[in-house]
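To be precise, the following lines are coords_19.cif, and they hold mmCIF, C-alpha atoms.
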data_target
#
loop_
_atom_site.label_atom_id
_atom_site.label_comp_id
_atom_site.auth_asym_id
_atom_site.auth_seq_id
_atom_site.Cartn_x
_atom_site.Cartn_y
_atom_site.Cartn_z
CA MET A 1 35.76 -88.23 -111.22
CA SER A 2 33.58 -85.80 -109.35
CA LEU A 3 34.93 -83.95 -106.33
CA SER A 4 32.51 -85.80 -104.04
CA LEU A 5 33.65 -89.19 -105.28
CA ALA A 6 37.30 -88.13 -105.02
CA LEU A 7 36.79 -87.01 -101.40
CA ARG A 8 35.01 -90.27 -100.61
CA LYS A 9 37.81 -92.30 -102.19
CA ALA A 10 40.47 -90.33 -100.28
CA LEU A 11 38.61 -90.99 -97.01
CA GLN A 12 38.38 -94.69 -97.85
CA LEU A 13 42.13 -94.76 -98.46
CA VAL A 14 42.82 -93.19 -95.04
CA GLU A 15 40.39 -95.56 -93.32
CA ALA A 16 41.95 -98.58 -95.05
CA GLU A 17 45.45 -97.45 -94.04
CA PHE A 18 44.25 -96.81 -90.47
CA VAL A 19 42.90 -100.37 -90.24
CA ARG A 20 45.92 -101.92 -91.96
CA GLU A 21 48.47 -100.31 -89.67
CA LYS A 22 46.65 -100.41 -86.38
CA SER A 23 47.89 -102.39 -83.46
CA GLY A 24 44.91 -101.58 -81.26
CA SER A 25 41.25 -102.32 -81.73
CA LEU A 26 39.88 -98.83 -82.45
CA THR A 27 37.94 -97.81 -85.50
CA ILE A 28 37.93 -94.22 -86.75
CA SER A 29 34.34 -93.92 -85.46
CA GLN A 30 35.42 -95.03 -82.00
CA LEU A 31 38.36 -92.64 -82.14
CA ALA A 32 35.97 -89.76 -82.90
CA VAL A 33 33.83 -90.63 -79.86
CA LEU A 34 36.89 -90.95 -77.60
CA GLU A 35 38.12 -87.58 -78.91
CA ALA A 36 34.76 -85.98 -78.11
CA ILE A 37 34.75 -87.40 -74.58
CA ALA A 38 38.33 -86.27 -74.00
CA ARG A 39 37.44 -82.73 -75.05
CA ARG A 40 34.39 -82.53 -72.76
CA PRO A 41 34.51 -85.24 -70.06
CA GLY A 42 31.39 -85.76 -67.99
CA GLN A 43 28.99 -84.78 -70.75
CA PRO A 44 25.81 -86.71 -71.48
CA GLN A 45 25.95 -89.23 -74.26
CA ARG A 46 23.64 -87.09 -76.42
CA VAL A 47 26.17 -84.24 -76.31
CA ILE A 48 29.01 -86.63 -77.18
CA SER A 49 26.87 -87.81 -80.09
CA LYS A 50 26.52 -84.26 -81.42
CA MET A 51 30.20 -83.49 -80.92
CA ALA A 52 31.17 -86.63 -82.83
CA GLU A 53 28.54 -85.76 -85.46
CA CYS A 54 26.89 -89.12 -85.08
CA ASP A 55 23.29 -90.19 -84.55
CA ARG A 56 22.29 -91.29 -81.07
CA SER A 57 21.77 -94.96 -81.86
CA THR A 58 25.20 -95.29 -83.46
CA THR A 59 26.77 -93.44 -80.53
CA SER A 60 25.02 -95.78 -78.09
CA ASP A 61 26.41 -98.80 -79.93
CA VAL A 62 29.93 -97.32 -80.06
CA MET A 63 29.72 -96.37 -76.37
CA ARG A 64 28.65 -99.89 -75.36
CA ARG A 65 31.62 -101.35 -77.25
CA LEU A 66 34.05 -98.83 -75.75
CA GLU A 67 32.68 -99.49 -72.28
CA LYS A 68 32.98 -103.27 -72.80
CA GLN A 69 36.65 -102.75 -73.77
CA GLY A 70 37.18 -100.71 -70.60
CA LEU A 71 37.93 -97.50 -72.51
CA VAL A 72 35.04 -95.37 -71.25
CA LYS A 73 32.97 -95.11 -68.11
CA ARG A 74 29.28 -94.33 -68.27
CA LYS A 75 27.30 -93.34 -65.20
CA ARG A 76 23.62 -92.58 -64.97
CA LYS A 77 22.93 -88.91 -64.38
CA LYS A 78 21.83 -88.15 -60.85
CA TYR A 79 18.60 -86.41 -61.86
CA ASP A 80 17.85 -88.27 -65.12
CA ALA A 81 18.19 -92.05 -65.02
CA ARG A 82 17.67 -92.20 -68.79
CA SER A 83 20.89 -90.31 -69.47
CA PHE A 84 24.54 -91.31 -69.09
CA VAL A 85 27.53 -89.06 -68.46
CA CYS A 86 30.73 -90.23 -70.12
CA THR A 87 34.40 -90.15 -69.16
CA LEU A 88 37.53 -91.86 -70.42
CA SER A 89 39.24 -94.52 -68.35
CA PRO A 90 43.04 -94.44 -68.10
CA LEU A 91 43.07 -97.24 -70.70
CA GLY A 92 40.79 -95.11 -72.90
CA GLU A 93 43.21 -92.18 -72.64
CA GLU A 94 46.05 -94.48 -73.70
CA HIS A 95 44.05 -95.84 -76.65
CA LEU A 96 43.14 -92.29 -77.66
CA ARG A 97 46.82 -91.28 -77.74
CA MET A 98 47.68 -94.37 -79.79
CA GLY A 99 44.69 -93.80 -82.09
CA ARG A 100 45.69 -90.19 -82.74
CA ALA A 101 49.20 -91.29 -83.69
CA GLN A 102 47.81 -94.10 -85.83
CA LEU A 103 45.45 -91.74 -87.65
CA GLN A 104 48.24 -89.24 -88.21
CA ALA A 105 50.42 -92.00 -89.67
CA ALA A 106 47.58 -93.20 -91.92
CA GLU A 107 46.98 -89.68 -93.20
CA ALA A 108 50.70 -89.14 -93.78
CA GLN A 109 50.93 -92.39 -95.74
CA VAL A 110 47.96 -91.57 -97.95
CA LEU A 111 49.15 -88.00 -98.53
CA SER A 112 52.81 -88.96 -99.01
CA ALA A 113 52.63 -88.34 -102.75
CA MET A 114 51.89 -84.65 -102.11
CA PRO A 115 54.43 -82.00 -101.13
CA ASP A 116 53.93 -80.60 -97.62
CA SER A 117 52.81 -77.25 -99.00
CA GLN A 118 49.97 -78.91 -100.92
CA ARG A 119 48.93 -80.90 -97.84
CA ASP A 120 48.69 -77.65 -95.90
CA VAL A 121 46.61 -76.06 -98.65
CA LEU A 122 44.31 -79.09 -98.82
CA GLY A 123 43.82 -78.98 -95.04
CA SER A 124 43.07 -75.25 -95.13
CA LEU A 125 40.57 -75.62 -97.97
CA LEU A 126 38.73 -78.45 -96.25
CA GLN A 127 38.61 -76.46 -93.00
CA GLN A 128 37.13 -73.50 -94.90
CA ILE A 129 34.39 -75.74 -96.31
CA ILE A 130 33.64 -77.19 -92.88
CA ALA A 131 33.57 -73.76 -91.23
CA ALA A 132 31.26 -72.35 -93.91
CA HIS A 133 28.75 -75.14 -93.32
CA ALA A 134 29.05 -75.49 -89.56
CA PRO A 135 25.76 -75.34 -87.71
CA LEU A 136 24.83 -71.81 -86.77
CA GLU A 137 23.43 -72.92 -83.41
CA PRO A 138 25.66 -74.46 -80.77
CA VAL A 139 24.77 -77.89 -79.45
CA ARG A 140 21.90 -77.43 -77.00
CA GLY A 141 22.18 -78.56 -73.46
CA ASP A 142 25.36 -79.16 -71.54
CA LEU A 143 27.88 -78.12 -74.18
CA SER A 144 29.42 -74.68 -73.92
CA MET A 145 32.64 -75.03 -75.86
CA PRO A 146 34.27 -72.35 -78.02
CA ALA A 147 33.74 -73.07 -81.72
CA ALA A 148 37.45 -73.57 -82.35
CA GLN A 149 37.59 -76.41 -79.83
CA ASN A 150 34.40 -77.95 -81.17
CA ASP A 151 35.81 -77.92 -84.74
CA ALA A 152 38.86 -79.87 -83.61
CA VAL A 153 36.79 -82.96 -82.85
CA PRO A 154 36.97 -85.27 -85.85
CA ALA A 155 33.64 -86.32 -87.23
CA ILE A 156 32.62 -89.96 -87.20
CA GLY A 157 34.06 -91.69 -90.22
CA HIS A 158 36.21 -88.73 -91.19
CA ALA A 159 39.98 -88.53 -90.96
CA SER A 160 41.19 -85.45 -89.16
CA ILE A 161 42.85 -82.72 -91.13
CA GLN A 162 44.36 -80.57 -88.40
CA ALA A 163 47.31 -81.73 -86.33
CA GLU A 164 45.44 -80.48 -83.25
CA ALA A 165 42.87 -83.23 -83.68
CA VAL A 166 45.50 -85.95 -83.90
CA GLY A 167 48.23 -84.80 -81.60
#

Would it be possible to restate this file's structure as structure tokens?
Amino acid sequence: MSLSLALRKALQLVEAEFVREKSGSLTISQLAVLEAIARRPGQPQRVISKMAECDRSTTSDVMRRLEKQGLVKRKRKKYDARSFVCTLSPLGEEHLRMGRAQLQAAEAQVLSAMPDSQRDVLGSLLQQIIAAHAPLEPVRGDLSMPAAQNDAVPAIGHASIQAEAVG
């Protein structure tokens, strides 16, 4: 099996475990958006989209669902009625905490066949790959976050590797 297919299969295993064990209603994609909002509250939706590494239309759909569930608040920007700024509600903060724990448990279950030392190596190697291919330009606009903080936001559809992103 190629490395790409093995990575894809490992991600599918984590996502399946996340769904199987969850008690809430979050998906990993929604968790990534909540994580991005928590890291930079009050940012426009387009910035949240970039932080979550998701296209704008998908982010809009996820945001509508999260807002309908009462997890996020979107307000029109004062000087640009086409743009929303996003914050977490108290319920959203609670779901984010539960989602982080749920994702951590799913990852632990999938990686349980590996010794801790190999899990650490795998995490380090994946972080090296991500860092080597990170965009050279920061997100334009309202985002001025140090790279280390930006890297901690899990990408849409991707299980987090670092404990910082899940706890």

**Study point:** Selection: 12 Å around A:Arg82, all atoms listed in the file, excl. self and same-chain fewer than 5 positions, as a ChimeraX atom specification
**Key:** /A:44-46,74-77

Review point. What does the PyMOL selection byres ((chain A and resi 108-118) around 12) select in this file, as a ChimeraX atom specification?
Key: /A:9-18,20-21,101-107,119-125,159-163,166

Please list as a compact mmCIF listing (two decimals) with C-alpha atoms, in the frame of the given file every residue within 6 Å of A:Leu71, counting only C-alpha atoms and excluding residues in the same chain fewer than 5 positions away.
# COMPACT_ATOMS: atom_id res chain seq x y z
CA LEU A 66 34.05 -98.83 -75.75
CA SER A 89 39.24 -94.52 -68.35
CA LEU A 91 43.07 -97.24 -70.70
CA GLY A 92 40.79 -95.11 -72.90

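Here atom CA of A:Thr87 stands at a distance of 10.0 Å from atom CA of A:Glu67.
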
Revision key, fill the gap. Pairwise distance, atom CA of A:Leu5 with atom CA of A:Ile28, equals 19.7 Å
